[in-house]
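Presented below is the structure to which this report refers.
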Amino acid sequence: MTKPVVEISRLKKIYKGASKPAVDDLSFCVMEGDIFGLLGPNGAGKSTTLMILCGLLHLTEGSVRVLNCDVGRQNGEIRKQIGIATQDIALFPTMTARENLTYFGRMYGLKKKTIRERVDSTLHEFGLMEKADTWVLHFSGGMKRRLNLVAALLHQPRLLILDEPTSGVDVQSRTMILDHMKKLQREGCTIIYSSHLLDEAEKICSQFAIIDGGRLIASGTLQEMLAGQKEACNLENMFLQLTGRDIRN
């Protein structure tokens, strides 16, 4: 029987000086082993929600539990068990791929031997071994994305949080990243995936939450959500029905 990995209850976040909440009365659960799609238009509150989950931002009201730990009280324990690959590449450009991964391995508290073994195996698996000793500055966008993901996986997290993991990459890198997400899911890792690429989300996610204006507007499997929008035939069509066609800034 699966159990919740993330439990969000009546979450609210109000930034100082803001006229309205960035996240408002938001509740949903992410179950163990799911690839969970957190979707919404620009300004919907996705990034705020993810930052709160990671313990990088304080919530205003409500409660958030990650891997049975309270966010805000047990952030140190949570960070040991989660991996984060943000939309912004979190790598040192004037360090090599190997140096970057060694740094992150030490930050996670891994032993030297473990770091060496995992760095070599993951660089090979992600097609980066030939560039192991090249400065990241000289990497293509797809290579940086792959290395960014590898850095989040070194400590073998139970929960992986991905924000636009395939943004701006070539088809080969995109395919490799998505195939690895499916492999991680088969191995028992739970993944929260946020993206504007709805065709990609439809293929890879088993559960969804769609938010807009900081509020939950739909959740469940794709089939469950489509059943509530009878004129929608796919995720993108339903998304537009729920959130409208106006441009968001």
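To be explicit about the labels: the chains of the structure tokens are called A, B, and onward in the order shown, and within each one the residues are counted from 1, while ligands get numbers from 1 in the order they are shown.
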May I have a table of the residues of stretch 173-225 of chain A lying at most 12 Å from stretch 80-98 of chain A, giving each one's closest pair of atoms and their distance in Å to one decimal, counting only C-alpha atoms, ordered by chain and ascending residue number, as JSON lines?
```
{"residue": "A:Ile177", "atom": "CA", "partner": "A:Ala85", "partner_atom": "CA", "distance": 11.8}
{"residue": "A:Cys189", "atom": "CA", "partner": "A:Ile82", "partner_atom": "CA", "distance": 9.9}
{"residue": "A:Thr190", "atom": "CA", "partner": "A:Ile82", "partner_atom": "CA", "distance": 9.6}
{"residue": "A:Ile191", "atom": "CA", "partner": "A:Gly83", "partner_atom": "CA", "distance": 9.4}
{"residue": "A:Ile192", "atom": "CA", "partner": "A:Ile84", "partner_atom": "CA", "distance": 9.7}
{"residue": "A:Tyr193", "atom": "CA", "partner": "A:Ala85", "partner_atom": "CA", "distance": 9.9}
{"residue": "A:Ser194", "atom": "CA", "partner": "A:Gln87", "partner_atom": "CA", "distance": 9.5}
{"residue": "A:Ser195", "atom": "CA", "partner": "A:Gln87", "partner_atom": "CA", "distance": 9.4}
{"residue": "A:His196", "atom": "CA", "partner": "A:Gln87", "partner_atom": "CA", "distance": 11.5}
```
Give me, as a PDB file with C-alpha atoms, in the first residue's frame, all polymer residues having an atom no more than 10 Å from A:Thr102, counting only C-alpha atoms and skipping those fewer than 3 positions away in the same chain.
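Contents of around.pdb, freshly written:
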```pdb
ATOM      1  CA  THR A  96      34.690  20.684 -14.324  1.00  0.00           C
ATOM      2  CA  ALA A  97      31.759  18.274 -14.288  1.00  0.00           C
ATOM      3  CA  ARG A  98      33.670  15.966 -11.957  1.00  0.00           C
ATOM      4  CA  GLU A  99      34.615  18.842  -9.631  1.00  0.00           C
ATOM      5  CA  GLY A 105      28.685  14.875  -2.966  1.00  0.00           C
ATOM      6  CA  ARG A 106      30.677  16.374  -0.090  1.00  0.00           C
ATOM      7  CA  MET A 107      27.826  18.771   0.644  1.00  0.00           C
ATOM      8  CA  TYR A 108      25.512  15.754   0.999  1.00  0.00           C
ATOM      9  CA  LEU A 110      28.918  11.222   1.174  1.00  0.00           C
ATOM     10  CA  LYS A 112      35.047   9.879  -0.747  1.00  0.00           C
ATOM     11  CA  ILE A 115      31.458   9.988  -4.340  1.00  0.00           C
ATOM     12  CA  ARG A 116      34.045   8.599  -6.767  1.00  0.00           C
ATOM     13  CA  ARG A 118      28.668   7.516  -8.065  1.00  0.00           C
ATOM     14  CA  VAL A 119      30.289  10.336 -10.035  1.00  0.00           C
ATOM     15  CA  ALA A 151      23.960  16.624  -9.083  1.00  0.00           C
ATOM     16  CA  LEU A 154      24.141  11.726  -6.179  1.00  0.00           C
TER      17      LEU A 154
END
```
Could you give me, as JSON lines, a per-residue list for stretch 57-78 of chain A showing, wherever an atom lies at most 12 Å from an atom of stretch 16-35 of chain A, the closest pair of atoms and their distance in Å to one decimal, using only C-alpha atoms and sorting by chain then residue number from low to high?
```
{"residue": "A:His58", "atom": "CA", "partner": "A:Lys16", "partner_atom": "CA", "distance": 11.7}
{"residue": "A:Leu59", "atom": "CA", "partner": "A:Val23", "partner_atom": "CA", "distance": 9.2}
{"residue": "A:Thr60", "atom": "CA", "partner": "A:Pro21", "partner_atom": "CA", "distance": 9.3}
{"residue": "A:Glu61", "atom": "CA", "partner": "A:Asp25", "partner_atom": "CA", "distance": 8.5}
{"residue": "A:Gly62", "atom": "CA", "partner": "A:Asp25", "partner_atom": "CA", "distance": 7.7}
{"residue": "A:Ser63", "atom": "CA", "partner": "A:Ser27", "partner_atom": "CA", "distance": 9.2}
{"residue": "A:Val64", "atom": "CA", "partner": "A:Ser27", "partner_atom": "CA", "distance": 9.2}
{"residue": "A:Arg65", "atom": "CA", "partner": "A:Cys29", "partner_atom": "CA", "distance": 9.5}
{"residue": "A:Val66", "atom": "CA", "partner": "A:Val30", "partner_atom": "CA", "distance": 9.4}
{"residue": "A:Leu67", "atom": "CA", "partner": "A:Glu32", "partner_atom": "CA", "distance": 9.4}
{"residue": "A:Asn68", "atom": "CA", "partner": "A:Glu32", "partner_atom": "CA", "distance": 11.7}
```
Output of the above residues as a short mmCIF file (atom, residue, chain, number, x, y, z; two decimals), in the first residue's frame, restricted to N, CA and C atoms:
```
data_model
loop_
_atom_site.label_atom_id
_atom_site.label_comp_id
_atom_site.auth_asym_id
_atom_site.auth_seq_id
_atom_site.Cartn_x
_atom_site.Cartn_y
_atom_site.Cartn_z
N HIS A 58 9.65 30.33 3.95
CA HIS A 58 8.74 30.13 5.07
C HIS A 58 7.29 30.26 4.62
N LEU A 59 6.44 29.37 5.11
CA LEU A 59 5.01 29.48 4.83
C LEU A 59 4.36 30.49 5.76
N THR A 60 3.22 31.03 5.36
CA THR A 60 2.49 31.99 6.18
C THR A 60 1.47 31.28 7.07
N GLU A 61 0.73 30.35 6.46
CA GLU A 61 -0.26 29.56 7.20
C GLU A 61 -0.30 28.15 6.63
N GLY A 62 -0.93 27.24 7.38
CA GLY A 62 -1.10 25.88 6.92
C GLY A 62 0.03 24.97 7.38
N SER A 63 0.07 23.77 6.84
CA SER A 63 1.10 22.82 7.20
C SER A 63 1.59 22.05 5.98
N VAL A 64 2.86 21.68 6.00
CA VAL A 64 3.47 20.90 4.93
C VAL A 64 4.34 19.82 5.57
N ARG A 65 4.11 18.57 5.17
CA ARG A 65 4.93 17.46 5.63
C ARG A 65 5.58 16.79 4.42
N VAL A 66 6.87 16.55 4.52
CA VAL A 66 7.63 15.90 3.46
C VAL A 66 8.34 14.71 4.08
N LEU A 67 8.05 13.51 3.55
CA LEU A 67 8.67 12.28 4.06
C LEU A 67 8.48 12.16 5.58
N ASN A 68 7.26 12.49 6.00
CA ASN A 68 6.84 12.39 7.40
C ASN A 68 7.56 13.36 8.32
#
```
Any idea what's packed within 9 Å of A:Leu178, counting only C-alpha atoms, ignoring anything in its chain fewer than 2 positions away? Could you give it as number ranges by chain? A: 165-166, 173-176, 180-183, 200, 204
Just to be explicit: take each residue in the selection above, keep N, CA and C atoms, and write the result as a short mmCIF file (atom, residue, chain, number, x, y, z; two decimals), in the first residue's frame.
```cif
data_model
loop_
_atom_site.label_atom_id
_atom_site.label_comp_id
_atom_site.auth_asym_id
_atom_site.auth_seq_id
_atom_site.Cartn_x
_atom_site.Cartn_y
_atom_site.Cartn_z
N PRO A 165 12.77 20.56 -16.06
CA PRO A 165 14.01 19.82 -16.24
C PRO A 165 14.47 19.67 -17.68
N THR A 166 13.57 19.90 -18.66
CA THR A 166 13.95 19.76 -20.06
C THR A 166 13.86 21.08 -20.82
N SER A 173 18.83 14.96 -25.35
CA SER A 173 18.93 15.20 -23.91
C SER A 173 17.57 15.08 -23.24
N ARG A 174 16.55 15.60 -23.91
CA ARG A 174 15.20 15.52 -23.37
C ARG A 174 14.77 14.07 -23.20
N THR A 175 15.02 13.26 -24.23
CA THR A 175 14.65 11.85 -24.18
C THR A 175 15.40 11.14 -23.05
N MET A 176 16.69 11.43 -22.91
CA MET A 176 17.49 10.80 -21.86
C MET A 176 16.96 11.16 -20.47
N HIS A 180 15.18 8.57 -17.85
CA HIS A 180 15.75 8.36 -16.52
C HIS A 180 14.72 8.62 -15.43
N MET A 181 13.82 9.57 -15.65
CA MET A 181 12.74 9.80 -14.69
C MET A 181 11.88 8.55 -14.53
N LYS A 182 11.58 7.90 -15.65
CA LYS A 182 10.78 6.67 -15.60
C LYS A 182 11.54 5.55 -14.88
N LYS A 183 12.85 5.48 -15.12
CA LYS A 183 13.69 4.48 -14.45
C LYS A 183 13.69 4.71 -12.95
N GLU A 200 4.57 16.78 -22.78
CA GLU A 200 5.55 15.98 -22.04
C GLU A 200 4.95 15.51 -20.72
N ILE A 204 4.31 11.53 -19.13
CA ILE A 204 5.17 11.00 -18.06
C ILE A 204 4.53 10.98 -16.68
#
```
Any chance you could list, as a count of residues only, the residues in stretch 20-207 of chain A that come up alpha helix (DSSP H) when DSSP is run on the backbone? 76
Out of stretch 89-160 of chain A, which residues get strand (DSSP E or B) from DSSP, as number ranges by chain? A: 96, 135, 159-160
Hey, can you spit out that residue selection with N, CA and C atoms as a compact mmCIF listing (two decimals), in the first residue's frame?
```
# COMPACT_ATOMS: atom_id res chain seq x y z
N THR A 96 35.02 21.77 -13.42
CA THR A 96 34.69 20.68 -14.32
C THR A 96 33.44 19.95 -13.83
N TRP A 135 35.44 22.17 -18.21
CA TRP A 135 34.68 23.20 -17.50
C TRP A 135 33.23 23.21 -17.97
N LEU A 159 12.86 11.54 -2.69
CA LEU A 159 11.98 12.46 -3.39
C LEU A 159 12.82 13.38 -4.26
N LEU A 160 12.46 13.47 -5.54
CA LEU A 160 13.17 14.32 -6.49
C LEU A 160 12.22 15.42 -6.96
```
In Å and to one decimal, atom CA of A:Ser47 is distant from atom CA of A:Asp212 by 12.0 Å
Would you please work out which residue, of A:Pro157, A:Cys205, A:Val150, A:Ala132, is nearest to A:Glu77 when using only C-alpha atoms? A:Pro157
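Going from atom CA of A:Leu184 to atom CA of A:Leu197 covers 20.2 Å.
All residues of protein, DNA or RNA that reach within 10 Å of stretch 218-231 of chain A, judged by only C-alpha atoms and not counting those fewer than 5 positions away in the chain, are Phe28, Cys29, Phe36, Gly37, Leu38, Leu39, Glu202, Cys205, Ser206, Gln207, Phe208, Ala209, Ile210, Ile211, Asp212, Asn237, Met238, Phe239, Gln241 and Leu242 of chain A.
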